[in-house]
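Beneath this line is the structure, given in structure tokens, with notes to follow.
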Amino acid sequence: MADTPSHDDPTLSVPVSPTYPRHHSRRSRRHSLSEAPDENTALLRPSHSHVRIQSPIGNPRISLSRNHSYVGTPHSSRYHSRHESWGQRLIQALSDRQDPMTESKSSLLADDRIWYDQFTSTDWVHDSIADAYRVKQLRSRKDFVGRLIVLFDGAQGWVLSALVGVLVALLAYCVNVAETTIFDYKDGYCTRGWYIREKRCCPHGPCTDWRSWSEVLGGHPFGNKWTEFGIYVIAVLVLAVSSCLLTLSTKTVVPSAYRMSTLDENLAADYSRQPPDDNDEDDDGNISPRQVRQDVDSPAPMIYYSAAGSGVAEVRVILSGFVLHGFLGLKTLVIKSVGLILSVASGLSLGKEGPYVHIATCIGNICCRIFTKYDRNDGKRREVLSAAAAAGVVVAFGAPLGGVLFGLEEVAYYFPAKTLFRTFFCCIVAALSLKFLNPYGTHKIVMFEVRYKIDWEWFELVGFILVGVLGGAFGALFIKASRRWALSFRKIPAIKKYPLLEVVLVALVTGLIGYWNTLTKLPVAKLLLNLAAPCQDDSRDDELGLCAESIDDIPGIIRMLLAAFVIKGFLTTITFGIKVPAGIYVPSMVVGGLMGRIVGHLMQWIVLRFPHWSIWGSCPLLQESTCVQPGVYGLIAAGSTMCGVTRLSVTLAVILFELTGSLDYVLPFSLAILVAKWTADALEPLSIYDLLTNMNAYPYLDNKHKPIFTSDLADIVPRFRHERVIDISSSPLVAATKLRSKLDLLHRAGELDGGLPILRDNILVGLIPAPDLEYALDNLEDESSSLCLMASVPSIDEEESPERDPTDFTPYIDPAPVALDIKSPMDLVYECFAKLGLRYICVLKDGRYAGMTHKKRFVKYMRELEEKEHGL
């Protein structure tokens, strides 16, 4: 998953596949175009295979390459790498990159493997087989050195897990310290050091070391109050705009030929347009595949920003086997980290916990480049990425067990016992590293820590269930409101064309509205701490006035909380989806915490107003006020609302337990989250990440929710067409030009990861994947006159040539592709795609070839079923 190129101007980036150059002249020509590639090398390279497409800028007709051939390597090199990044010399020193990784199940040749193209699905079966061959080759050596090599090979996963845990904690420490310091700059600065935040400058309350901007300016020009307000609003705007400008630098434009809707959290994506359907191709087999089809109503190019949003949806899709180049690269890591500091410090209603998952996964992806075993095999790579994503939750909430469960429940698509244990190890290393770094200055790893000394009463179960229902309902309504806001406001042409304008408007509204409310002006994490804190805590002062000393104080507190609830709910809705690094975890918890605190004070008021009811027992006499702790309701409602937004369940219960450290409240936490999930599922079937996945048209096959099928495989099999197969009935030799035509048809249909079945008398005898076919064709010396061997034939020569004939394509052919009968139940098809991770399945009818169905087609069929089921 190499990094995407930097784009000073909108540039076309098309799906690519690395290929080996065909001859010296071609190599020298490419070498003159660019130097040795690095982390920022463009995905676009000139090559033999071209697709004529419409360009959104400049010349209306531009010829773009699909191939990515790297330059600067020795001509005698038989292998091809995906990248030569900042760690190239380190990688070459630590690992041997010439180990083969084959695409074909029947071949171990070093140049048989093509890396996965952009917007394609990974074939886990082939990756697993390739790793099995690699392990078998390692274990073939029985000497002492061979045993050491095997031992080192087994230890690489643990080394990577430990390294990822330490680096994730280190980066989280930098982000936490930087954003809290910059956040305070909106109000003033510390005279003892510009880098000291207000809490460290004045640990015991207001002091002379901290100077507000009104003091610095002497109250000019609008007086102390309005001067501070003006500087606050300007600071919010500057920080938000700076973060947005950084995020926009990760812009990538993909031509409309490969459009799959926008690939970020811009919910205004026009998801009604689907990728090109292969059934739209002409039946005439003589059509020139390079002929440009004029599309009068051509859709707009696809635009995505890899550093925008939280990135959790993309991480989940990547771990399911979909390739998104650039989302886990070094450029995205750096820009998203810096942009996250600025966006959180601006005071917008967003959090840094979701982006931590994306940032941690970027670190895991980059660290995989150290060892060839993980760098060259996506099946092995996802083990490290799953552990890294879990480590992101650990540094976000300080919850090691919650991080492991998050990886299992939310992001991981395949989570065997070995991956589970390594993820646990990575989370523990991240937690220990964070405790050593001490980012919060409390020697604690949790984002905030609360302790409830008073146990709950049985009558409070009604209140806990109530906040669970309200939290789930608010979470579901937030998803609906976000969709409605995006499909209305973000469809305004100016907003759609200039994302920076939306950020300016949201930052301006946030500064103008949020400044005057004491609660909404606070950082989201600090506000959540105050909402969850118990009033009986002697170690904390009630600075915000959230604790009632008598029944007369409760109405005023509820009014203040209600105003903050309305403001924060509105700001969170309009902020989600703007082009800055932003998470939804803590903002949703804050909105729920405000609601829960209101319910808690209402329960408190009822108990104090009617103290003699027998249902209370001895509760009214326990303390001067009541045994009801509004902070408990706030924390439970916070978790319930987050559950309604994300549909996490067990993970949230464990995270709340780790934040409180109290076994007494595990049952209320679990009960409320259980009710919240039921309520949210009843009101809105999709979580926020399911919504993003569907609207962005990701080919994500959910393996946790299996629908009820009432059909069989025949319903999704496209009609048989001769231009989509290779017929060797008359001769095993096929003209290279004919193969190129068939390949271009696949590309134009959007099936970069498809393949061409090989038939003899309508019997399926093999299949050649499209990336392998493209690589093999590019290796030909003279494609126009070459005949390619597509089936094994007996050799009449007693001695074979030591050099392989480039026209022999048999090493690239899969002789035993997975095939099902056309009458197979759809449940079996689901199991093959979801459990085996196949990219396509060949279909037979009475033993003869009848067609092929692709994973993307099956995902589209699944979504249509869900829409019918839920009435969407």
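Lettering and numbering for the structure tokens are positional, with chains as A, B, ... in the shown order, residues counted from 1 in each chain, and ligands counted from 1 in the shown order.
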Excluding A:Leu546 and residues on its chain fewer than 2 positions from it, collect all residues at most 10 Å away from it, counting only C-alpha atoms, and give them as a PyMOL selection string.
-> chain A and resi 530-531+533-535+542-544+548-549+553-554+556-558+560-561+597+601+630-631
Tell me which protein, DNA and RNA residues are within 8 Å of stretch 787-791 of chain A, counting only C-alpha atoms, leaving out same-chain ones fewer than 2 positions away, and put them as a VMD selection string.
-> chain A and resid 728 732 to 736 758 785 793 807 to 810 813
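Nearest-residue note for A:Asp455: choosing from A:Ala387, A:Leu608, A:Cys619, A:Ala714, the minimum distance belongs to A:Cys619, counting only C-alpha atoms.
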Distance query A:Phe478 at most 9 Å, only C-alpha atoms, self and fewer than 5 positions along chain excluded, as a CSV table (one decimal) with N, CA, C and O atoms, in the first residue's frame:
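The new file part_21.csv reads:
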chain,number,residue,atom,x,y,z
A,473,ALA,N,-30.9,6.3,20.8
A,473,ALA,CA,-31.8,7.1,19.9
A,473,ALA,C,-31.0,8.3,19.4
A,473,ALA,O,-31.1,8.6,18.2
A,483,ARG,N,-26.4,12.5,7.5
A,483,ARG,CA,-26.7,12.2,6.1
A,483,ARG,C,-27.5,13.3,5.5
A,483,ARG,O,-27.2,13.7,4.3
A,569,GLY,N,-24.6,19.4,20.3
A,569,GLY,CA,-25.2,18.5,19.3
A,569,GLY,C,-25.2,19.1,17.9
A,569,GLY,O,-24.9,18.4,16.9
A,572,THR,N,-21.5,19.3,16.5
A,572,THR,CA,-21.0,18.0,16.2
A,572,THR,C,-21.6,17.5,14.9
A,572,THR,O,-20.9,17.0,14.0
A,573,THR,N,-22.8,17.8,14.6
A,573,THR,CA,-23.5,17.4,13.4
A,573,THR,C,-22.9,18.1,12.2
A,573,THR,O,-22.6,17.5,11.1
A,588,SER,N,-19.3,12.5,20.3
A,588,SER,CA,-20.6,11.8,20.5
A,588,SER,C,-20.7,11.5,22.0
A,588,SER,O,-21.8,11.5,22.5
A,644,GLY,N,-24.6,4.0,20.0
A,644,GLY,CA,-25.6,4.3,18.9
A,644,GLY,C,-24.9,4.8,17.6
A,644,GLY,O,-25.5,4.5,16.6
A,645,VAL,N,-23.8,5.5,17.8
A,645,VAL,CA,-23.1,6.0,16.6
A,645,VAL,C,-22.3,4.9,15.9
A,645,VAL,O,-22.3,4.8,14.7
A,688,ILE,N,-22.2,4.5,11.8
A,688,ILE,CA,-21.6,5.6,11.0
A,688,ILE,C,-20.6,5.1,10.0
A,688,ILE,O,-20.5,5.6,8.9
Taking into account only C-alpha atoms, which residue in the set A:Leu461, A:Ala563, A:Val166, A:Val233 is nearest to A:Leu667?
-> A:Leu461
Atomic separation - atom CA of A:Val580 relative to atom CA of A:Val168, Å = 20.6 Å
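Restricting the calculation to only C-alpha atoms, the smallest distance between A:Pro815 and any of A:Ile359, A:Val765, A:Ala486, A:Leu652 is found for A:Val765.
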Students should find that atom CA of A:Leu692 and atom CA of A:Val312 are spaced 9.9 Å
Taking into account only C-alpha atoms, which residue in the set A:Arg200, A:Ile567, A:Ile513, A:Val607 is nearest to A:Ile551?
-> A:Val607
Determine the nearest neighbour of A:Val843 from the options A:Glu781, A:Glu502, A:Asp715, A:Asp184, counting only C-alpha atoms.
-> A:Asp715
Compile the contact shell of stretch 844-855 of chain A as JSON, numbers by chain: residues with an atom at most 10 Å away, counting only C-alpha atoms, same-chain residues fewer than 6 positions apart removed.
-> {"A": [121, 699, 700, 701, 713, 714, 716, 717, 718, 719, 720, 721, 724, 725, 751, 753, 754, 755, 756, 757, 758, 759, 760, 761, 762, 763, 764, 765, 819, 820, 821, 822, 823, 824, 829, 830, 832, 833, 834, 837, 838, 861]}
Could you tell me how far atom CA of A:Ile370 lies from atom CA of A:Trp158, in Å and to one decimal?
-> 13.0 Å
From stretch 368-452 of chain A, collect each residue whose DSSP state is helix (DSSP H, G or I) and return the set as number ranges by chain.
-> A: 368-370, 372-375, 378-397, 400-411, 417-437
Counting only C-alpha atoms, the residue of A:Trp613, A:Phe371, A:Trp210, A:Phe425 that sits nearest A:Val394 | A:Phe425
Which parts of stretch 670-774 of chain A does DSSP call strand (DSSP E or B) when run on the backbone here, written out as number ranges by chain?
-> A: 712, 726-727, 733-735, 755-760, 763-769
